[in-house]
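These notes are about the structure you will find just below.
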Amino acid sequence: MSEEPKADQPQSGHVNSEADAHQKMVRGSAWMTAGSLFSRILGAIYIIPWVMWLGSNSMQGNALYAKGYNIYSFFLLVAIGGIPSAISKQISEYNAINEYGVGQRLFKRGLLLAGAMGIASGAILWFGAQPIALIFGGGDPHVIPVLRALAIALVIIPPMALMRGFFQGYQQMAPSAVSQFVEQVFRVVYMLAATYFIMRIQNGNWVNAITQSTFAAFIGAAASCLLLGWYYYRQRPELNRLAAQSEAKLVIPVWQLFKDIIVQAIPFIVIDTATTVFNLLDQATFQPIMQATFHIKVESINTLYALFAFNSNKLVMIIVSLASAIAITVVPLLSESLAAQNLRNIRQQLEDAIILFLFIMIPGALGMAAVAQPLNTLFYGYDQTGAVILQIAAFTAIILGLFTVVSALMQGLSRNRDVIRFYLIGLGVKLVLQWPCIVLLSAAGPLVATAIGMLVASLLILHDLEVNFGVRYVKLLPKINRILMYSIVTYVAAKVAVYGLNLIFNEQRQTQALIILLIAVAIGGGVYVYFALRSRLADIMIGAKADGLRRKLRIK
């Protein structure tokens, strides 16, 4: 494996300038965006052969996979307990005051806590699989073996996540990004190999194939742990050097370190589980509301559930992961500025994060909505209902991403009580709207109810940032307007391309849908890149490199 750039080695000292802070955020965002994006893309591409090998059971299999993974995700986030984000935030604060030794002690104690949380959560999920499946799985007995397969992964993922948080505390995003990708590679390889063996060689049961597909989470996590361990071993000399030259004025007992971790982690638990709680609410309410309102069979409900909970979600999360990457990067930087009481830096970092998010998220979401039909056909076969759901999911992804970013900003600024309060208000809105939205919009209802709830929470957070940190949204309006305008032009270009290509190709066939998709994405992406470079918006992301691209492409 190639050496990382020197910029990603552990750094000492404070954030001394706005330019340095902006450079760190852009560099970190680039690493996390790349790792998260490649992982999500790989996690979507496997669907094509996986669905094909499941055959006629694919929609039921997708529904079962989604039900199991939503429950597992909640347990996983509670097991991780926000510890990686809390560790990252605290290590950044200790490093900012030259107390590297305290941060490293915190990491080692955190590993013990994360290991204990993993074992406890795994045991609860394994032994409680039956009642949990009854409540959140609609009484489906097939959910039980899936949950037990996932319980094994719960044991090792919390320590792995904590190691990622440790590196992020040093603004080293490469280990996290690379380990995410490696985790996904091993998971997908095992998942596809197991499914092919069970369904095609053994002619086995599709439930067994789904169970092994979920067990792949353990295989991927094990590979990621080994890689992160190697990164840590390689950097031990530099870490020891930083600890040796620390101020060493802080003497913090072990119990205080544990207390600090837990106190910092609780808000992260609540916010990190926000999306999963919304998903679990959909999982628990969609089936009974549909049965009570429309009196349709469980198999039909599972098919509709799979359309929004698995099919569209898998693809939309590729875009949302971009926002998550930015959010993860900005938290330790804000913590450094807060520790240094540099309010000017804080305001600038908040404004940079919002613009970075919008620059990536809006064109990505509108672009996906424009190519929804060929994209859905490529992954799941031709289905007009599925394409409409994907379009709606793509639009609502902007709000999900916005909530991810702004809640992370609040946590980086230690405004934990406020962000929890705003989230609970948003959740209350979701609860109120869930029934009428499902009755009126069927499978699109949960998506719309979630979007409205998260929009309310996001607007409250944005107002809080303006009041308490002086974020100047008026100043950002010219850039936001340009991003919106170029994104709409991108959407129109891609939509027209899809329409025109449908006159030549048949979008109902997967191979031809792929051709339509590639050409439409190239046209839409080219339009956005052209306007972003010409208007200098691209300089936000790639800095001076934009000048070189403009010269090569002869853009004035």
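Every chain in the structure tokens has a letter given in the order shown (A, B, ...), and although residue numbers restart at 1 in each chain, ligands are simply numbered from 1 in the order shown.
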Mind running region 352-427 of chain A against region 434-455 of chain A at 12 Å and telling me each contacting residue's nearest atom pair with the distance in Å (one decimal), counting only C-alpha atoms, chain and number ascending, as a Markdown table?
```
| residue | atom | partner | partner_atom | distance |
| --- | --- | --- | --- | --- |
| A:Thr385 | CA | A:Ala443 | CA | 9.3 |
| A:Gly386 | CA | A:Ala443 | CA | 9.6 |
| A:Ala387 | CA | A:Ala444 | CA | 11.3 |
| A:Val388 | CA | A:Ala444 | CA | 8.7 |
| A:Ile389 | CA | A:Ala444 | CA | 6.1 |
| A:Leu390 | CA | A:Ala444 | CA | 9.2 |
| A:Gln391 | CA | A:Ala444 | CA | 10.0 |
| A:Ile392 | CA | A:Ala444 | CA | 7.2 |
| A:Ala393 | CA | A:Leu447 | CA | 6.5 |
| A:Ala394 | CA | A:Leu447 | CA | 10.0 |
| A:Phe395 | CA | A:Ala451 | CA | 9.2 |
| A:Thr396 | CA | A:Ala451 | CA | 5.6 |
| A:Ala397 | CA | A:Ala451 | CA | 8.0 |
| A:Ile398 | CA | A:Ala451 | CA | 8.8 |
| A:Ile399 | CA | A:Leu455 | CA | 5.9 |
| A:Leu400 | CA | A:Met454 | CA | 6.6 |
| A:Gly401 | CA | A:Met454 | CA | 9.6 |
| A:Leu402 | CA | A:Leu455 | CA | 8.2 |
| A:Phe403 | CA | A:Met454 | CA | 6.3 |
| A:Thr404 | CA | A:Met454 | CA | 9.4 |
| A:Val405 | CA | A:Met454 | CA | 11.7 |
| A:Val406 | CA | A:Met454 | CA | 10.9 |
| A:Ser407 | CA | A:Met454 | CA | 10.5 |
| A:Val419 | CA | A:Met454 | CA | 11.9 |
| A:Phe422 | CA | A:Met454 | CA | 9.3 |
| A:Tyr423 | CA | A:Met454 | CA | 7.5 |
| A:Leu424 | CA | A:Gly453 | CA | 9.3 |
| A:Ile425 | CA | A:Gly453 | CA | 7.8 |
| A:Gly426 | CA | A:Gly453 | CA | 4.2 |
| A:Leu427 | CA | A:Gly453 | CA | 5.9 |
```
Neighbouring residues of Tyr528 (chain A) were defined as those with any atom within 9 Å, considering only C-alpha atoms; residues of the same chain fewer than 2 positions away were excluded. Please report them as a list in words.
Pro363, Tyr486, Ser487, Val489, Thr490, Ile523, Gly524, Gly525, Gly526, Tyr530, Phe531, Ala532 and Leu533 of chain A
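Relative to CA of Ile319 (chain A), CA of Ile87 (chain A) is found at 26.2 Å.
Every protein, DNA or RNA residue with an atom at most 12 Å from Leu112 (chain A), where only C-alpha atoms count and chain neighbours fewer than 3 positions away do not, is listed here: Ile80, Ile83, Arg105, Leu106, Phe107, Lys108, Arg109, Gly115, Ala116, Met117, Gly118, Ile119, Ile156, Pro158, Pro159, Met160, Leu162, Met163, Val254, Leu257, Phe258 and Ile261 of chain A.
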Any chance you could export the current selection's N, CA and C atoms as a PDB file, in the first residue's frame?
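To be explicit, this is the file written out as result-v4.pdb:
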```pdb
ATOM      1  N   ILE A  80     -21.966   1.209  19.428  1.00  0.00           N
ATOM      2  CA  ILE A  80     -20.865   2.148  19.189  1.00  0.00           C
ATOM      3  C   ILE A  80     -21.013   3.334  20.134  1.00  0.00           C
ATOM      4  N   ILE A  83     -19.320   6.713  20.500  1.00  0.00           N
ATOM      5  CA  ILE A  83     -17.966   6.776  21.060  1.00  0.00           C
ATOM      6  C   ILE A  83     -16.936   7.250  20.037  1.00  0.00           C
ATOM      7  N   ARG A 105      -4.364   8.049  26.028  1.00  0.00           N
ATOM      8  CA  ARG A 105      -4.924   7.264  27.145  1.00  0.00           C
ATOM      9  C   ARG A 105      -6.431   7.109  26.971  1.00  0.00           C
ATOM     10  N   LEU A 106      -7.076   8.177  26.541  1.00  0.00           N
ATOM     11  CA  LEU A 106      -8.520   8.148  26.296  1.00  0.00           C
ATOM     12  C   LEU A 106      -8.857   7.089  25.253  1.00  0.00           C
ATOM     13  N   PHE A 107      -8.065   7.017  24.199  1.00  0.00           N
ATOM     14  CA  PHE A 107      -8.282   6.032  23.139  1.00  0.00           C
ATOM     15  C   PHE A 107      -8.174   4.610  23.675  1.00  0.00           C
ATOM     16  N   LYS A 108      -7.155   4.327  24.453  1.00  0.00           N
ATOM     17  CA  LYS A 108      -6.938   2.965  24.968  1.00  0.00           C
ATOM     18  C   LYS A 108      -8.060   2.550  25.919  1.00  0.00           C
ATOM     19  N   ARG A 109      -8.493   3.486  26.777  1.00  0.00           N
ATOM     20  CA  ARG A 109      -9.611   3.163  27.682  1.00  0.00           C
ATOM     21  C   ARG A 109     -10.908   3.008  26.874  1.00  0.00           C
ATOM     22  N   GLY A 115     -15.324  -2.454  23.347  1.00  0.00           N
ATOM     23  CA  GLY A 115     -15.379  -3.919  23.313  1.00  0.00           C
ATOM     24  C   GLY A 115     -16.492  -4.461  24.199  1.00  0.00           C
ATOM     25  N   ALA A 116     -16.617  -3.890  25.393  1.00  0.00           N
ATOM     26  CA  ALA A 116     -17.669  -4.333  26.316  1.00  0.00           C
ATOM     27  C   ALA A 116     -19.058  -4.023  25.750  1.00  0.00           C
ATOM     28  N   MET A 117     -19.214  -2.850  25.144  1.00  0.00           N
ATOM     29  CA  MET A 117     -20.495  -2.479  24.542  1.00  0.00           C
ATOM     30  C   MET A 117     -20.856  -3.418  23.389  1.00  0.00           C
ATOM     31  N   GLY A 118     -19.843  -3.793  22.603  1.00  0.00           N
ATOM     32  CA  GLY A 118     -20.073  -4.709  21.486  1.00  0.00           C
ATOM     33  C   GLY A 118     -20.549  -6.067  21.949  1.00  0.00           C
ATOM     34  N   ILE A 119     -19.900  -6.604  22.955  1.00  0.00           N
ATOM     35  CA  ILE A 119     -20.278  -7.920  23.479  1.00  0.00           C
ATOM     36  C   ILE A 119     -21.689  -7.885  24.068  1.00  0.00           C
ATOM     37  N   ILE A 156     -17.388  -6.982  17.113  1.00  0.00           N
ATOM     38  CA  ILE A 156     -16.104  -6.378  16.740  1.00  0.00           C
ATOM     39  C   ILE A 156     -16.216  -4.995  16.093  1.00  0.00           C
ATOM     40  N   PRO A 158     -17.774  -2.093  17.151  1.00  0.00           N
ATOM     41  CA  PRO A 158     -17.508  -0.922  17.994  1.00  0.00           C
ATOM     42  C   PRO A 158     -16.023  -0.587  18.171  1.00  0.00           C
ATOM     43  N   PRO A 159     -15.134  -1.565  18.487  1.00  0.00           N
ATOM     44  CA  PRO A 159     -13.701  -1.217  18.554  1.00  0.00           C
ATOM     45  C   PRO A 159     -13.163  -0.708  17.219  1.00  0.00           C
ATOM     46  N   MET A 160     -13.634  -1.302  16.123  1.00  0.00           N
ATOM     47  CA  MET A 160     -13.199  -0.845  14.800  1.00  0.00           C
ATOM     48  C   MET A 160     -13.600   0.613  14.562  1.00  0.00           C
ATOM     49  N   LEU A 162     -14.180   2.856  16.801  1.00  0.00           N
ATOM     50  CA  LEU A 162     -13.430   3.725  17.695  1.00  0.00           C
ATOM     51  C   LEU A 162     -12.046   4.030  17.128  1.00  0.00           C
ATOM     52  N   MET A 163     -11.416   3.041  16.488  1.00  0.00           N
ATOM     53  CA  MET A 163     -10.113   3.276  15.868  1.00  0.00           C
ATOM     54  C   MET A 163     -10.228   4.322  14.759  1.00  0.00           C
ATOM     55  N   VAL A 254      -8.701   7.452  35.536  1.00  0.00           N
ATOM     56  CA  VAL A 254      -9.374   6.563  34.583  1.00  0.00           C
ATOM     57  C   VAL A 254     -10.880   6.741  34.630  1.00  0.00           C
ATOM     58  N   LEU A 257     -11.967   9.656  32.663  1.00  0.00           N
ATOM     59  CA  LEU A 257     -11.904   9.435  31.221  1.00  0.00           C
ATOM     60  C   LEU A 257     -13.152   8.699  30.731  1.00  0.00           C
ATOM     61  N   PHE A 258     -13.554   7.634  31.470  1.00  0.00           N
ATOM     62  CA  PHE A 258     -14.763   6.897  31.107  1.00  0.00           C
ATOM     63  C   PHE A 258     -15.993   7.795  31.177  1.00  0.00           C
ATOM     64  N   ILE A 261     -16.067  10.101  28.214  1.00  0.00           N
ATOM     65  CA  ILE A 261     -16.469   9.396  26.991  1.00  0.00           C
ATOM     66  C   ILE A 261     -17.985   9.233  26.951  1.00  0.00           C
TER      67      ILE A 261
END
```
Figure out the distance between CA of Ala370 (chain A) and CA of Lys495 (chain A), please, to one decimal in Å.
4.9 Å
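Coordinates place CA of Leu307 (chain A) at a distance of 23.6 Å from CA of Phe75 (chain A).
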Best match for closeness to Leu476 (chain A) among A:Asp547, A:Asp383, A:Asp352, A:Glu336, counting only C-alpha atoms
A:Asp352
Let's see if you can do this: from backbone DSSP, list all alpha helix (DSSP H) residues in region 156-393 of chain A, as number ranges by chain.
A: 156-169, 174-196, 206-244, 254-272, 274-294, 298-306, 312-339, 343-370, 372-380, 384-393
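Taking only C-alpha atoms into account, Leu113 (chain A) lies nearest to A:Trp255 out of the set A:Phe357, A:Tyr170, A:Tyr305, A:Trp255.
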Could you name the residues that touch region 239-241 of chain A at 12 Å or less, counting only C-alpha atoms, but leaving out those on the same chain fewer than 5 positions away, as JSON, numbers by chain?
{"A": [9, 10, 11, 12, 95, 99, 100, 101, 102, 103, 104, 105, 166, 167, 170, 231, 232, 233, 234, 246]}
Keeping only N, CA and C atoms, write the selected residues to a file as a PDB file, in the first residue's frame.
```pdb
ATOM      1  N   GLN A   9      -0.226  12.950   8.205  1.00  0.00           N
ATOM      2  CA  GLN A   9       0.447  12.481   9.402  1.00  0.00           C
ATOM      3  C   GLN A   9      -0.087  13.255  10.593  1.00  0.00           C
ATOM      4  N   PRO A  10       0.072  12.732  11.858  1.00  0.00           N
ATOM      5  CA  PRO A  10      -0.404  13.465  13.018  1.00  0.00           C
ATOM      6  C   PRO A  10       0.193  14.864  13.072  1.00  0.00           C
ATOM      7  N   GLN A  11      -0.638  15.842  13.310  1.00  0.00           N
ATOM      8  CA  GLN A  11      -0.205  17.222  13.314  1.00  0.00           C
ATOM      9  C   GLN A  11      -0.327  17.791  14.717  1.00  0.00           C
ATOM     10  N   SER A  12       0.619  18.627  15.085  1.00  0.00           N
ATOM     11  CA  SER A  12       0.574  19.284  16.383  1.00  0.00           C
ATOM     12  C   SER A  12       0.184  20.746  16.219  1.00  0.00           C
ATOM     13  N   ASN A  95      -5.451  17.576  21.726  1.00  0.00           N
ATOM     14  CA  ASN A  95      -4.319  17.868  20.841  1.00  0.00           C
ATOM     15  C   ASN A  95      -4.140  19.377  20.656  1.00  0.00           C
ATOM     16  N   GLU A  99      -1.911  18.217  24.641  1.00  0.00           N
ATOM     17  CA  GLU A  99      -2.029  17.142  25.639  1.00  0.00           C
ATOM     18  C   GLU A  99      -2.275  15.821  24.903  1.00  0.00           C
ATOM     19  N   TYR A 100      -1.334  15.474  24.021  1.00  0.00           N
ATOM     20  CA  TYR A 100      -1.470  14.271  23.203  1.00  0.00           C
ATOM     21  C   TYR A 100      -1.528  13.002  24.049  1.00  0.00           C
ATOM     22  N   GLY A 101      -0.786  12.999  25.162  1.00  0.00           N
ATOM     23  CA  GLY A 101      -0.765  11.818  26.026  1.00  0.00           C
ATOM     24  C   GLY A 101      -2.134  11.494  26.590  1.00  0.00           C
ATOM     25  N   VAL A 102      -2.879  12.535  26.996  1.00  0.00           N
ATOM     26  CA  VAL A 102      -4.225  12.324  27.543  1.00  0.00           C
ATOM     27  C   VAL A 102      -5.138  11.734  26.467  1.00  0.00           C
ATOM     28  N   GLY A 103      -5.032  12.262  25.256  1.00  0.00           N
ATOM     29  CA  GLY A 103      -5.849  11.755  24.155  1.00  0.00           C
ATOM     30  C   GLY A 103      -5.581  10.293  23.863  1.00  0.00           C
ATOM     31  N   GLN A 104      -4.311   9.890  23.947  1.00  0.00           N
ATOM     32  CA  GLN A 104      -3.975   8.493  23.672  1.00  0.00           C
ATOM     33  C   GLN A 104      -4.426   7.566  24.800  1.00  0.00           C
ATOM     34  N   ARG A 105      -4.364   8.049  26.028  1.00  0.00           N
ATOM     35  CA  ARG A 105      -4.924   7.264  27.145  1.00  0.00           C
ATOM     36  C   ARG A 105      -6.431   7.109  26.971  1.00  0.00           C
ATOM     37  N   PHE A 166     -10.324   7.669  16.388  1.00  0.00           N
ATOM     38  CA  PHE A 166      -9.004   8.073  16.864  1.00  0.00           C
ATOM     39  C   PHE A 166      -8.224   8.781  15.763  1.00  0.00           C
ATOM     40  N   PHE A 167      -8.187   8.180  14.579  1.00  0.00           N
ATOM     41  CA  PHE A 167      -7.459   8.788  13.460  1.00  0.00           C
ATOM     42  C   PHE A 167      -8.101  10.103  13.028  1.00  0.00           C
ATOM     43  N   TYR A 170      -7.024  13.204  14.787  1.00  0.00           N
ATOM     44  CA  TYR A 170      -5.765  13.781  14.296  1.00  0.00           C
ATOM     45  C   TYR A 170      -5.926  14.370  12.894  1.00  0.00           C
ATOM     46  N   TYR A 231      -2.375   0.310  10.406  1.00  0.00           N
ATOM     47  CA  TYR A 231      -2.156   1.756  10.369  1.00  0.00           C
ATOM     48  C   TYR A 231      -1.630   2.251  11.724  1.00  0.00           C
ATOM     49  N   TYR A 232      -2.256   1.791  12.799  1.00  0.00           N
ATOM     50  CA  TYR A 232      -1.871   2.238  14.138  1.00  0.00           C
ATOM     51  C   TYR A 232      -0.448   1.794  14.465  1.00  0.00           C
ATOM     52  N   TYR A 233      -0.136   0.538  14.135  1.00  0.00           N
ATOM     53  CA  TYR A 233       1.208   0.011  14.412  1.00  0.00           C
ATOM     54  C   TYR A 233       2.256   0.817  13.649  1.00  0.00           C
ATOM     55  N   ARG A 234       1.955   1.177  12.410  1.00  0.00           N
ATOM     56  CA  ARG A 234       2.907   1.906  11.582  1.00  0.00           C
ATOM     57  C   ARG A 234       3.167   3.311  12.120  1.00  0.00           C
ATOM     58  N   SER A 246       4.309  16.329  24.984  1.00  0.00           N
ATOM     59  CA  SER A 246       3.090  16.988  25.456  1.00  0.00           C
ATOM     60  C   SER A 246       3.380  17.863  26.673  1.00  0.00           C
TER      61      SER A 246
END
```
